[in-house]
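> Encoded as structure tokens, here's the structure I'll be asking about.
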Amino acid sequence: MQIIKSIESLRETLKPFQKEGKKVGLVPTMGALHDGHGALIKASVKDCDITVVSVFLNPIQFGRNEDLDKYPKRLEADANFAASLGADYVFAPSVAEMYPNGDPLTMVRDESLECLYCGAYRPGHFRGVLTVVSKLFLISKANHAYFGEKDYQQLFLIERMVKDLNFDIEIHRVPIVRESTGLAMSSRNEYLSVDERKQALAISRGLNEAKEAYLAGERGVSKLRDIVVKSIVLSRGQVQFVEIVNQNDLQKYSGVLKPTDKVVVLVAAFFGKTRLIDNIEFN
């Protein structure tokens, strides 16, 4: 395992493999790696000849009063974790390395979707995500990249960016990894108190209850949404949004669902001061 901190060094390191036609897999992360990231790394190691895990806490995707300063930082532990799963390199650039002139003036945007759902509450977030991900694609020239389905809107936007801008890279979706309790794994779970961690199980519980109702024949969007909202509120959570949307374009459903509708429920909620997201597909 080698930790690489400069763009030029990463390019020079990967160039011989790329000349040989080796498959390079990229796992973009912000660090504080856990088993959810581990699933991404394992998928890349299985598919590719070389796996690069980027560890970069991207400041331009954080807004005012968000948790950039307190976000967990432990590069050595992250590198050891990645190495234990078979990753070959960790790319850990500084902010100055990625943005030598300060915040970039050229940004990648998806104006139709970046202000919906998570984006409505985190202005500029997805612009920052798409910009840094595009930079990582161009820097690494990876053939494959791996993203978790927990960040459903983010993943959708990245897939659309790749298609719209003709990036020569294949995006792989990796299913949500959950703790044994059902809580979706997240670096932010570390912020939860013992009681909040128990209360937060209401998110996955509500999502599963809504899916069970759907499979039993319930098609009313408001009724399915209310199942999730009620579960969170009864566990002392604060709902930021619960939306039932189309998997193909992320547009909201209303009224009554049709059997052919491709449904995903997107959730963001606070337990204490910790914001958690989750989702579930119905079909």
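Chains: A, B, ... in order of the structure tokens. Residues: from 1 per chain. Ligands: from 1, in order shown.
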Residues of range 190-267 of chain A classed as alpha helix (DSSP H) by DSSP on the backbone are to be reported as a compact mmCIF listing (two decimals) with C-alpha atoms, in the first residue's frame.


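Final output, out-v2.txt:
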```txt
# COMPACT_ATOMS: atom_id res chain seq x y z
CA VAL A 194 -26.27 5.64 22.28
CA ASP A 195 -29.91 6.73 22.52
CA GLU A 196 -29.84 8.55 19.19
CA ARG A 197 -28.40 5.49 17.49
CA LYS A 198 -31.38 3.46 18.72
CA GLN A 199 -33.82 6.17 17.72
CA LEU A 201 -33.36 2.86 13.50
CA ALA A 202 -36.77 4.42 12.86
CA ILE A 203 -35.56 5.44 9.40
CA SER A 204 -34.89 1.94 8.07
CA ARG A 205 -37.86 0.59 10.03
CA GLY A 206 -40.18 3.12 8.42
CA LEU A 207 -38.77 2.46 4.96
CA ASN A 208 -39.29 -1.28 5.35
CA GLU A 209 -42.81 -0.77 6.66
CA ALA A 210 -43.63 1.39 3.65
CA LYS A 211 -42.26 -1.24 1.30
CA GLU A 212 -44.30 -3.94 3.02
CA ALA A 213 -47.41 -1.80 2.62
CA TYR A 214 -46.57 -1.27 -1.05
CA LEU A 215 -46.08 -4.99 -1.65
CA VAL A 221 -48.12 8.20 -2.35
CA SER A 222 -49.19 10.25 0.68
CA LYS A 223 -50.04 7.14 2.69
CA LEU A 224 -46.72 5.47 1.91
CA ARG A 225 -44.85 8.65 2.72
CA ASP A 226 -46.74 9.07 5.99
CA ILE A 227 -45.64 5.61 7.13
CA VAL A 228 -42.01 6.70 6.99
CA VAL A 229 -42.65 10.13 8.52
CA LYS A 230 -44.62 8.65 11.41
CA SER A 231 -41.89 6.13 12.21
CA ILE A 232 -39.25 8.88 12.41
CA VAL A 233 -41.36 11.34 14.39
CA LEU A 234 -42.42 8.72 16.93
```

> I want to know what sits within 10 Å of Gly124 in chain A, based on only C-alpha atoms, with residues of the same chain fewer than 4 positions away left out; could you give that as a PyMOL selection string?

chain A and resi 60-63+109+114-115+119-120+128-129

> List as number ranges by chain the protein and nucleic acid residues near range 21-26 of chain A, meaning an atom at most 6 Å away when only C-alpha atoms are counted, but skip any in the same chain fewer than 3 places from it.

A: 17-18, 44, 48-53, 142-145

> Find the residue from A:Gln154, A:Gln2, A:Ser54, A:Gln240 that sits nearest to His37 in chain A; use only C-alpha atoms when measuring.

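Ranked by minimum distance to His37 in chain A, first place goes to A:Ser54.
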
> Find the residues near Tyr146 in chain A: any atom within 9 Å, counting only C-alpha atoms, skip ones fewer than 6 places away on the same chain, and give them as a list in words.

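Here the qualifying residues turn out to be Gly25, Leu26, Val27, Pro28, Leu40, Ile41, Ala43, Ser44, Glu170, Ile171, His172, Arg173 and Val174 of chain A.
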
> Let's have the selection written as a PDB file, in the first residue's frame, with N, CA, C and O atoms.


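Ended up saving to out-v7.pdb:
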```
ATOM      1  N   GLY A  25      -9.488   0.731 -10.976  1.00  0.00           N
ATOM      2  CA  GLY A  25     -10.719   1.056 -10.273  1.00  0.00           C
ATOM      3  C   GLY A  25     -10.492   2.177  -9.285  1.00  0.00           C
ATOM      4  O   GLY A  25      -9.461   2.222  -8.602  1.00  0.00           O
ATOM      5  N   LEU A  26     -11.452   3.080  -9.210  1.00  0.00           N
ATOM      6  CA  LEU A  26     -11.378   4.230  -8.297  1.00  0.00           C
ATOM      7  C   LEU A  26     -12.523   4.171  -7.305  1.00  0.00           C
ATOM      8  O   LEU A  26     -13.684   3.973  -7.689  1.00  0.00           O
ATOM      9  N   VAL A  27     -12.193   4.344  -6.021  1.00  0.00           N
ATOM     10  CA  VAL A  27     -13.202   4.420  -4.961  1.00  0.00           C
ATOM     11  C   VAL A  27     -13.070   5.786  -4.304  1.00  0.00           C
ATOM     12  O   VAL A  27     -12.218   5.984  -3.431  1.00  0.00           O
ATOM     13  N   PRO A  28     -13.885   6.766  -4.718  1.00  0.00           N
ATOM     14  CA  PRO A  28     -13.782   8.100  -4.117  1.00  0.00           C
ATOM     15  C   PRO A  28     -14.421   8.125  -2.721  1.00  0.00           C
ATOM     16  O   PRO A  28     -15.560   7.701  -2.534  1.00  0.00           O
ATOM     17  N   LEU A  40     -17.288  -1.115  -1.313  1.00  0.00           N
ATOM     18  CA  LEU A  40     -16.858  -0.495  -2.562  1.00  0.00           C
ATOM     19  C   LEU A  40     -15.452  -0.954  -2.937  1.00  0.00           C
ATOM     20  O   LEU A  40     -15.173  -1.273  -4.098  1.00  0.00           O
ATOM     21  N   ILE A  41     -14.573  -0.980  -1.938  1.00  0.00           N
ATOM     22  CA  ILE A  41     -13.189  -1.395  -2.189  1.00  0.00           C
ATOM     23  C   ILE A  41     -13.152  -2.859  -2.639  1.00  0.00           C
ATOM     24  O   ILE A  41     -12.455  -3.212  -3.603  1.00  0.00           O
ATOM     25  N   ALA A  43     -15.441  -4.542  -4.149  1.00  0.00           N
ATOM     26  CA  ALA A  43     -15.981  -4.657  -5.503  1.00  0.00           C
ATOM     27  C   ALA A  43     -14.933  -4.261  -6.535  1.00  0.00           C
ATOM     28  O   ALA A  43     -14.777  -4.913  -7.578  1.00  0.00           O
ATOM     29  N   SER A  44     -14.185  -3.187  -6.244  1.00  0.00           N
ATOM     30  CA  SER A  44     -13.143  -2.752  -7.161  1.00  0.00           C
ATOM     31  C   SER A  44     -12.012  -3.771  -7.248  1.00  0.00           C
ATOM     32  O   SER A  44     -11.530  -4.091  -8.349  1.00  0.00           O
ATOM     33  N   GLU A 170     -16.732   3.512 -16.301  1.00  0.00           N
ATOM     34  CA  GLU A 170     -17.949   2.769 -15.968  1.00  0.00           C
ATOM     35  C   GLU A 170     -18.259   2.951 -14.487  1.00  0.00           C
ATOM     36  O   GLU A 170     -17.396   2.723 -13.632  1.00  0.00           O
ATOM     37  N   ILE A 171     -19.482   3.373 -14.194  1.00  0.00           N
ATOM     38  CA  ILE A 171     -19.910   3.583 -12.812  1.00  0.00           C
ATOM     39  C   ILE A 171     -20.595   2.326 -12.295  1.00  0.00           C
ATOM     40  O   ILE A 171     -21.484   1.782 -12.946  1.00  0.00           O
ATOM     41  N   HIS A 172     -20.181   1.890 -11.114  1.00  0.00           N
ATOM     42  CA  HIS A 172     -20.749   0.695 -10.486  1.00  0.00           C
ATOM     43  C   HIS A 172     -21.513   1.093  -9.229  1.00  0.00           C
ATOM     44  O   HIS A 172     -20.966   1.777  -8.362  1.00  0.00           O
ATOM     45  N   ARG A 173     -22.758   0.663  -9.152  1.00  0.00           N
ATOM     46  CA  ARG A 173     -23.576   0.872  -7.955  1.00  0.00           C
ATOM     47  C   ARG A 173     -23.346  -0.279  -6.983  1.00  0.00           C
ATOM     48  O   ARG A 173     -23.414  -1.446  -7.360  1.00  0.00           O
ATOM     49  N   VAL A 174     -23.109   0.060  -5.722  1.00  0.00           N
ATOM     50  CA  VAL A 174     -22.931  -0.958  -4.688  1.00  0.00           C
ATOM     51  C   VAL A 174     -24.050  -0.765  -3.654  1.00  0.00           C
ATOM     52  O   VAL A 174     -24.271   0.344  -3.169  1.00  0.00           O
TER      53      VAL A 174
END
```

> How many Å lie between CA of Ser254 in chain A and CA of Leu130 in chain A, rounded to one decimal?

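So the two atoms, CA of Ser254 in chain A and CA of Leu130 in chain A, lie 28.8 Å apart.
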
> Could you give me, as a PDB file with all heavy atoms, in the first residue's frame, the residues within 10 Å of Ala79 in chain A, counting only C-alpha atoms and dropping anything in the same chain fewer than 5 positions from it?


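The file below, around_30.pdb, is the result:
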```
ATOM      1  N   MET A   1       0.845  -1.198   0.000  1.00  0.00           N
ATOM      2  CA  MET A   1       0.000   0.000   0.000  1.00  0.00           C
ATOM      3  C   MET A   1       0.878   1.244   0.000  1.00  0.00           C
ATOM      4  O   MET A   1       1.810   1.350   0.791  1.00  0.00           O
ATOM      5  CB  MET A   1      -0.914   0.011   1.217  1.00  0.00           C
ATOM      6  CG  MET A   1      -1.543   1.359   1.537  1.00  0.00           C
ATOM      7  SD  MET A   1      -2.571   2.035   0.238  1.00  0.00           S
ATOM      8  CE  MET A   1      -3.897   0.850   0.232  1.00  0.00           C
ATOM      9  N   GLN A   2       0.572   2.149  -0.900  1.00  0.00           N
ATOM     10  CA  GLN A   2       1.306   3.407  -0.983  1.00  0.00           C
ATOM     11  C   GLN A   2       0.315   4.558  -0.885  1.00  0.00           C
ATOM     12  O   GLN A   2      -0.720   4.551  -1.554  1.00  0.00           O
ATOM     13  CB  GLN A   2       2.074   3.486  -2.304  1.00  0.00           C
ATOM     14  CG  GLN A   2       2.902   4.757  -2.468  1.00  0.00           C
ATOM     15  CD  GLN A   2       3.647   4.786  -3.789  1.00  0.00           C
ATOM     16  OE1 GLN A   2       3.669   3.793  -4.512  1.00  0.00           O
ATOM     17  NE2 GLN A   2       4.224   5.923  -4.113  1.00  0.00           N
ATOM     18  N   ILE A   3       0.648   5.541  -0.051  1.00  0.00           N
ATOM     19  CA  ILE A   3      -0.160   6.755   0.034  1.00  0.00           C
ATOM     20  C   ILE A   3       0.469   7.791  -0.889  1.00  0.00           C
ATOM     21  O   ILE A   3       1.650   8.123  -0.751  1.00  0.00           O
ATOM     22  CB  ILE A   3      -0.230   7.292   1.472  1.00  0.00           C
ATOM     23  CG1 ILE A   3      -0.895   6.270   2.389  1.00  0.00           C
ATOM     24  CG2 ILE A   3      -0.993   8.611   1.515  1.00  0.00           C
ATOM     25  CD1 ILE A   3      -0.894   6.668   3.864  1.00  0.00           C
ATOM     26  N   GLY A  31     -12.846   9.773   3.461  1.00  0.00           N
ATOM     27  CA  GLY A  31     -12.162   9.235   4.626  1.00  0.00           C
ATOM     28  C   GLY A  31     -13.124   8.741   5.677  1.00  0.00           C
ATOM     29  O   GLY A  31     -14.318   8.561   5.428  1.00  0.00           O
ATOM     30  N   LEU A  33     -13.190   5.728   6.880  1.00  0.00           N
ATOM     31  CA  LEU A  33     -13.693   4.549   6.184  1.00  0.00           C
ATOM     32  C   LEU A  33     -14.329   3.546   7.146  1.00  0.00           C
ATOM     33  O   LEU A  33     -13.870   3.338   8.266  1.00  0.00           O
ATOM     34  CB  LEU A  33     -12.563   3.870   5.409  1.00  0.00           C
ATOM     35  CG  LEU A  33     -11.815   4.729   4.382  1.00  0.00           C
ATOM     36  CD1 LEU A  33     -10.839   3.879   3.589  1.00  0.00           C
ATOM     37  CD2 LEU A  33     -12.776   5.453   3.454  1.00  0.00           C
ATOM     38  N   VAL A  53      -8.014   4.146  -3.827  1.00  0.00           N
ATOM     39  CA  VAL A  53      -9.004   4.731  -2.927  1.00  0.00           C
ATOM     40  C   VAL A  53      -8.596   6.185  -2.690  1.00  0.00           C
ATOM     41  O   VAL A  53      -7.505   6.446  -2.179  1.00  0.00           O
ATOM     42  CB  VAL A  53      -9.069   3.975  -1.591  1.00  0.00           C
ATOM     43  CG1 VAL A  53     -10.080   4.636  -0.649  1.00  0.00           C
ATOM     44  CG2 VAL A  53      -9.431   2.509  -1.817  1.00  0.00           C
ATOM     45  N   SER A  54      -9.445   7.111  -3.102  1.00  0.00           N
ATOM     46  CA  SER A  54      -9.133   8.513  -2.815  1.00  0.00           C
ATOM     47  C   SER A  54      -9.710   8.878  -1.453  1.00  0.00           C
ATOM     48  O   SER A  54     -10.825   8.502  -1.112  1.00  0.00           O
ATOM     49  CB  SER A  54      -9.678   9.442  -3.905  1.00  0.00           C
ATOM     50  OG  SER A  54     -11.083   9.444  -3.921  1.00  0.00           O
ATOM     51  N   VAL A  55      -8.924   9.600  -0.679  1.00  0.00           N
ATOM     52  CA  VAL A  55      -9.340  10.106   0.629  1.00  0.00           C
ATOM     53  C   VAL A  55      -9.140  11.608   0.589  1.00  0.00           C
ATOM     54  O   VAL A  55      -8.020  12.118   0.717  1.00  0.00           O
ATOM     55  CB  VAL A  55      -8.519   9.474   1.767  1.00  0.00           C
ATOM     56  CG1 VAL A  55      -8.889  10.115   3.100  1.00  0.00           C
ATOM     57  CG2 VAL A  55      -8.744   7.965   1.817  1.00  0.00           C
ATOM     58  N   ARG A  74      -8.590  10.461   9.719  1.00  0.00           N
ATOM     59  CA  ARG A  74      -7.656   9.436  10.215  1.00  0.00           C
ATOM     60  C   ARG A  74      -7.034   8.700   9.030  1.00  0.00           C
ATOM     61  O   ARG A  74      -7.345   7.528   8.773  1.00  0.00           O
ATOM     62  CB  ARG A  74      -8.376   8.484  11.166  1.00  0.00           C
ATOM     63  CG  ARG A  74      -9.776   8.050  10.744  1.00  0.00           C
ATOM     64  CD  ARG A  74     -10.331   7.028  11.727  1.00  0.00           C
ATOM     65  NE  ARG A  74     -11.654   6.584  11.357  1.00  0.00           N
ATOM     66  CZ  ARG A  74     -12.796   7.083  11.868  1.00  0.00           C
ATOM     67  NH1 ARG A  74     -12.754   8.015  12.802  1.00  0.00           N
ATOM     68  NH2 ARG A  74     -13.958   6.615  11.464  1.00  0.00           N
ATOM     69  N   SER A  84      -5.958  -3.645   3.837  1.00  0.00           N
ATOM     70  CA  SER A  84      -6.419  -4.955   4.322  1.00  0.00           C
ATOM     71  C   SER A  84      -7.439  -5.592   3.389  1.00  0.00           C
ATOM     72  O   SER A  84      -7.628  -6.809   3.403  1.00  0.00           O
ATOM     73  CB  SER A  84      -7.018  -4.823   5.727  1.00  0.00           C
ATOM     74  OG  SER A  84      -8.291  -4.183   5.691  1.00  0.00           O
ATOM     75  N   ALA A  87      -6.713  -2.957  -1.611  1.00  0.00           N
ATOM     76  CA  ALA A  87      -6.461  -1.759  -2.397  1.00  0.00           C
ATOM     77  C   ALA A  87      -4.960  -1.566  -2.586  1.00  0.00           C
ATOM     78  O   ALA A  87      -4.145  -1.951  -1.735  1.00  0.00           O
ATOM     79  CB  ALA A  87      -7.066  -0.529  -1.723  1.00  0.00           C
ATOM     80  N   ASP A  88      -4.582  -0.960  -3.698  1.00  0.00           N
ATOM     81  CA  ASP A  88      -3.172  -0.792  -4.030  1.00  0.00           C
ATOM     82  C   ASP A  88      -2.624   0.571  -3.643  1.00  0.00           C
ATOM     83  O   ASP A  88      -1.467   0.696  -3.237  1.00  0.00           O
ATOM     84  CB  ASP A  88      -2.976  -1.010  -5.534  1.00  0.00           C
ATOM     85  CG  ASP A  88      -3.413  -2.395  -5.962  1.00  0.00           C
ATOM     86  OD1 ASP A  88      -2.657  -3.345  -5.711  1.00  0.00           O
ATOM     87  OD2 ASP A  88      -4.523  -2.528  -6.520  1.00  0.00           O
ATOM     88  N   TYR A  89      -3.456   1.600  -3.806  1.00  0.00           N
ATOM     89  CA  TYR A  89      -2.998   2.956  -3.536  1.00  0.00           C
ATOM     90  C   TYR A  89      -4.104   3.747  -2.847  1.00  0.00           C
ATOM     91  O   TYR A  89      -5.290   3.558  -3.116  1.00  0.00           O
ATOM     92  CB  TYR A  89      -2.621   3.685  -4.840  1.00  0.00           C
ATOM     93  CG  TYR A  89      -1.539   2.990  -5.617  1.00  0.00           C
ATOM     94  CD1 TYR A  89      -1.862   2.189  -6.714  1.00  0.00           C
ATOM     95  CD2 TYR A  89      -0.202   3.114  -5.258  1.00  0.00           C
ATOM     96  CE1 TYR A  89      -0.872   1.530  -7.433  1.00  0.00           C
ATOM     97  CE2 TYR A  89       0.794   2.465  -5.966  1.00  0.00           C
ATOM     98  CZ  TYR A  89       0.456   1.668  -7.052  1.00  0.00           C
ATOM     99  OH  TYR A  89       1.436   1.017  -7.747  1.00  0.00           O
ATOM    100  N   VAL A  90      -3.664   4.666  -1.966  1.00  0.00           N
ATOM    101  CA  VAL A  90      -4.559   5.678  -1.422  1.00  0.00           C
ATOM    102  C   VAL A  90      -4.082   7.016  -1.967  1.00  0.00           C
ATOM    103  O   VAL A  90      -2.901   7.370  -1.845  1.00  0.00           O
ATOM    104  CB  VAL A  90      -4.547   5.686   0.114  1.00  0.00           C
ATOM    105  CG1 VAL A  90      -5.152   6.983   0.648  1.00  0.00           C
ATOM    106  CG2 VAL A  90      -5.326   4.500   0.656  1.00  0.00           C
ATOM    107  N   PHE A  91      -4.998   7.726  -2.597  1.00  0.00           N
ATOM    108  CA  PHE A  91      -4.700   9.072  -3.095  1.00  0.00           C
ATOM    109  C   PHE A  91      -5.266  10.067  -2.101  1.00  0.00           C
ATOM    110  O   PHE A  91      -6.484  10.156  -1.926  1.00  0.00           O
ATOM    111  CB  PHE A  91      -5.316   9.263  -4.476  1.00  0.00           C
ATOM    112  CG  PHE A  91      -5.117  10.642  -5.059  1.00  0.00           C
ATOM    113  CD1 PHE A  91      -3.856  11.233  -5.089  1.00  0.00           C
ATOM    114  CD2 PHE A  91      -6.191  11.345  -5.602  1.00  0.00           C
ATOM    115  CE1 PHE A  91      -3.666  12.502  -5.628  1.00  0.00           C
ATOM    116  CE2 PHE A  91      -6.020  12.604  -6.144  1.00  0.00           C
ATOM    117  CZ  PHE A  91      -4.752  13.189  -6.162  1.00  0.00           C
ATOM    118  N   ALA A  92      -4.389  10.787  -1.407  1.00  0.00           N
ATOM    119  CA  ALA A  92      -4.808  11.679  -0.324  1.00  0.00           C
ATOM    120  C   ALA A  92      -4.222  13.065  -0.545  1.00  0.00           C
ATOM    121  O   ALA A  92      -3.303  13.501   0.174  1.00  0.00           O
ATOM    122  CB  ALA A  92      -4.377  11.111   1.020  1.00  0.00           C
TER     123      ALA A  92
END
```

> Tell me which of A:Asp35, A:Asp249, A:Glu76, A:Glu66 sits closest to His125 in chain A, counting only C-alpha atoms.

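Of all the options, A:Glu66 lies closest to His125 in chain A.
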
> Find, counting only C-alpha atoms, the residue in A:Lys46, A:Tyr121, A:Gly36, A:Lys262 that gets nearest to Arg64 in chain A.

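Closest to Arg64 in chain A of all the choices is A:Tyr121.
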
> Could you pull out all residues of range 35-155 of chain A with a DSSP call of strand (DSSP E or B) and give them as an MDAnalysis selection string?

chainID A and resid 50:55 89:91 100 102 144:148

> Would you put the residues from that selection into a file with all heavy atoms, as a CSV table (one decimal), in the first residue's frame?


```csv
chain,number,residue,atom,x,y,z
A,50,ILE,N,-6.0,-2.9,-10.6
A,50,ILE,CA,-5.4,-1.9,-9.7
A,50,ILE,C,-6.6,-1.1,-9.0
A,50,ILE,O,-7.5,-0.7,-9.7
A,50,ILE,CB,-4.5,-0.9,-10.4
A,50,ILE,CG1,-3.3,-1.6,-11.0
A,50,ILE,CG2,-4.0,0.2,-9.4
A,50,ILE,CD1,-2.4,-2.3,-10.1
A,51,THR,N,-6.5,-1.0,-7.7
A,51,THR,CA,-7.6,-0.2,-7.0
A,51,THR,C,-7.0,1.0,-6.3
A,51,THR,O,-6.0,0.9,-5.5
A,51,THR,CB,-8.3,-1.1,-6.0
A,51,THR,OG1,-9.1,-2.0,-6.7
A,51,THR,CG2,-9.3,-0.2,-5.1
A,52,VAL,N,-7.5,2.2,-6.6
A,52,VAL,CA,-7.1,3.4,-6.0
A,52,VAL,C,-8.3,3.9,-5.1
A,52,VAL,O,-9.4,4.1,-5.6
A,52,VAL,CB,-6.8,4.5,-7.0
A,52,VAL,CG1,-6.4,5.8,-6.3
A,52,VAL,CG2,-5.7,4.0,-7.9
A,53,VAL,N,-8.0,4.1,-3.8
A,53,VAL,CA,-9.0,4.7,-2.9
A,53,VAL,C,-8.6,6.2,-2.7
A,53,VAL,O,-7.5,6.4,-2.2
A,53,VAL,CB,-9.1,4.0,-1.6
A,53,VAL,CG1,-10.1,4.6,-0.6
A,53,VAL,CG2,-9.4,2.5,-1.8
A,54,SER,N,-9.4,7.1,-3.1
A,54,SER,CA,-9.1,8.5,-2.8
A,54,SER,C,-9.7,8.9,-1.5
A,54,SER,O,-10.8,8.5,-1.1
A,54,SER,CB,-9.7,9.4,-3.9
A,54,SER,OG,-11.1,9.4,-3.9
A,55,VAL,N,-8.9,9.6,-0.7
A,55,VAL,CA,-9.3,10.1,0.6
A,55,VAL,C,-9.1,11.6,0.6
A,55,VAL,O,-8.0,12.1,0.7
A,55,VAL,CB,-8.5,9.5,1.8
A,55,VAL,CG1,-8.9,10.1,3.1
A,55,VAL,CG2,-8.7,8.0,1.8
A,89,TYR,N,-3.5,1.6,-3.8
A,89,TYR,CA,-3.0,3.0,-3.5
A,89,TYR,C,-4.1,3.7,-2.8
A,89,TYR,O,-5.3,3.6,-3.1
A,89,TYR,CB,-2.6,3.7,-4.8
A,89,TYR,CG,-1.5,3.0,-5.6
A,89,TYR,CD1,-1.9,2.2,-6.7
A,89,TYR,CD2,-0.2,3.1,-5.3
A,89,TYR,CE1,-0.9,1.5,-7.4
A,89,TYR,CE2,0.8,2.5,-6.0
A,89,TYR,CZ,0.5,1.7,-7.1
A,89,TYR,OH,1.4,1.0,-7.7
A,90,VAL,N,-3.7,4.7,-2.0
A,90,VAL,CA,-4.6,5.7,-1.4
A,90,VAL,C,-4.1,7.0,-2.0
A,90,VAL,O,-2.9,7.4,-1.8
A,90,VAL,CB,-4.5,5.7,0.1
A,90,VAL,CG1,-5.2,7.0,0.6
A,90,VAL,CG2,-5.3,4.5,0.7
A,91,PHE,N,-5.0,7.7,-2.6
A,91,PHE,CA,-4.7,9.1,-3.1
A,91,PHE,C,-5.3,10.1,-2.1
A,91,PHE,O,-6.5,10.2,-1.9
A,91,PHE,CB,-5.3,9.3,-4.5
A,91,PHE,CG,-5.1,10.6,-5.1
A,91,PHE,CD1,-3.9,11.2,-5.1
A,91,PHE,CD2,-6.2,11.3,-5.6
A,91,PHE,CE1,-3.7,12.5,-5.6
A,91,PHE,CE2,-6.0,12.6,-6.1
A,91,PHE,CZ,-4.8,13.2,-6.2
A,100,PRO,N,-5.4,24.7,-6.2
A,100,PRO,CA,-4.3,25.5,-5.9
A,100,PRO,C,-4.6,27.0,-5.9
A,100,PRO,O,-3.8,27.8,-5.3
A,100,PRO,CB,-3.3,25.1,-7.0
A,100,PRO,CG,-4.1,24.5,-8.1
A,100,PRO,CD,-5.2,23.8,-7.4
A,102,GLY,N,-7.5,28.3,-4.9
A,102,GLY,CA,-8.7,28.5,-4.1
A,102,GLY,C,-9.9,27.8,-4.7
A,102,GLY,O,-9.7,27.0,-5.6
A,144,HIS,N,-13.0,2.3,-14.1
A,144,HIS,CA,-14.2,2.0,-13.3
A,144,HIS,C,-14.2,2.8,-12.0
A,144,HIS,O,-13.1,3.1,-11.4
A,144,HIS,CB,-14.2,0.5,-12.9
A,144,HIS,CG,-14.1,-0.5,-14.1
A,144,HIS,ND1,-15.2,-1.0,-14.6
A,144,HIS,CD2,-13.1,-0.9,-14.8
A,144,HIS,CE1,-14.9,-1.8,-15.7
A,144,HIS,NE2,-13.6,-1.7,-15.8
A,145,ALA,N,-15.4,3.2,-11.5
A,145,ALA,CA,-15.5,3.9,-10.3
A,145,ALA,C,-16.7,3.3,-9.5
A,145,ALA,O,-17.7,2.9,-10.1
A,145,ALA,CB,-15.7,5.4,-10.5
A,146,TYR,N,-16.6,3.3,-8.2
A,146,TYR,CA,-17.6,2.6,-7.3
A,146,TYR,C,-18.2,3.6,-6.3
A,146,TYR,O,-17.5,4.3,-5.6
A,146,TYR,CB,-16.8,1.4,-6.6
A,146,TYR,CG,-16.3,0.4,-7.6
A,146,TYR,CD1,-15.1,0.6,-8.3
A,146,TYR,CD2,-17.0,-0.7,-7.9
A,146,TYR,CE1,-14.7,-0.3,-9.2
A,146,TYR,CE2,-16.6,-1.7,-8.8
A,146,TYR,CZ,-15.4,-1.4,-9.5
A,146,TYR,OH,-15.0,-2.3,-10.4
A,147,PHE,N,-19.5,3.5,-6.3
A,147,PHE,CA,-20.3,4.4,-5.4
A,147,PHE,C,-21.4,3.7,-4.7
A,147,PHE,O,-22.0,2.8,-5.3
A,147,PHE,CB,-20.9,5.6,-6.2
A,147,PHE,CG,-19.9,6.5,-6.8
A,147,PHE,CD1,-19.4,6.3,-8.1
A,147,PHE,CD2,-19.4,7.6,-6.1
A,147,PHE,CE1,-18.4,7.1,-8.6
A,147,PHE,CE2,-18.4,8.5,-6.6
A,147,PHE,CZ,-18.0,8.2,-7.9
A,148,GLY,N,-21.7,4.0,-3.5
A,148,GLY,CA,-22.7,3.4,-2.7
A,148,GLY,C,-24.1,3.9,-3.0
A,148,GLY,O,-24.3,5.1,-3.2
```

> Could you name the residues that touch Val132 in chain A at 12 Å or less, counting only C-alpha atoms, but leaving out those on the same chain fewer than 5 positions away, as a list in words?

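Listing them by chain and then by number gives Pro28, Thr29, Met30, Ser54, Val55, Phe56, Leu57, Asn58, Pro59, Ile60, Gln61, Pro93, Val95, Met98, Tyr99, Asp103, Pro104, Thr106, Met107, Val108, Arg109, His125, Phe126, Arg127, Phe137, Leu138, Ile139 and Ile158 of chain A.
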
> One decimal, in Å: what's the spacing between CA of Asp47 in chain A and CA of Glu97 in chain A?

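About the pair CA of Asp47 in chain A and CA of Glu97 in chain A: they are 29.2 Å apart.
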
> Counting only C-alpha atoms, which residue out of A:Thr131, A:Ser112, A:Leu68, A:Gly38 sits closest to Gly86 in chain A?

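The answer is A:Gly38, which sits nearest to Gly86 in chain A.
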
> For Leu250 in chain A, which residue out of A:Tyr71, A:Phe167, A:Tyr117, A:Phe81 is the nearest one, using only C-alpha atoms?

A:Tyr117

> I'd like to know which of A:Arg275, A:Lys258, A:Lys73, A:Arg236 is closest to Gly217 in chain A, using only C-alpha atoms.

A:Lys258

> Find the residues near Gln247 in chain A: any atom within 10 Å, counting only C-alpha atoms, skip ones fewer than 4 places away on the same chain, and give them as a PyMOL selection string.

chain A and resi 152-153+156+251-252+261-265+281-283
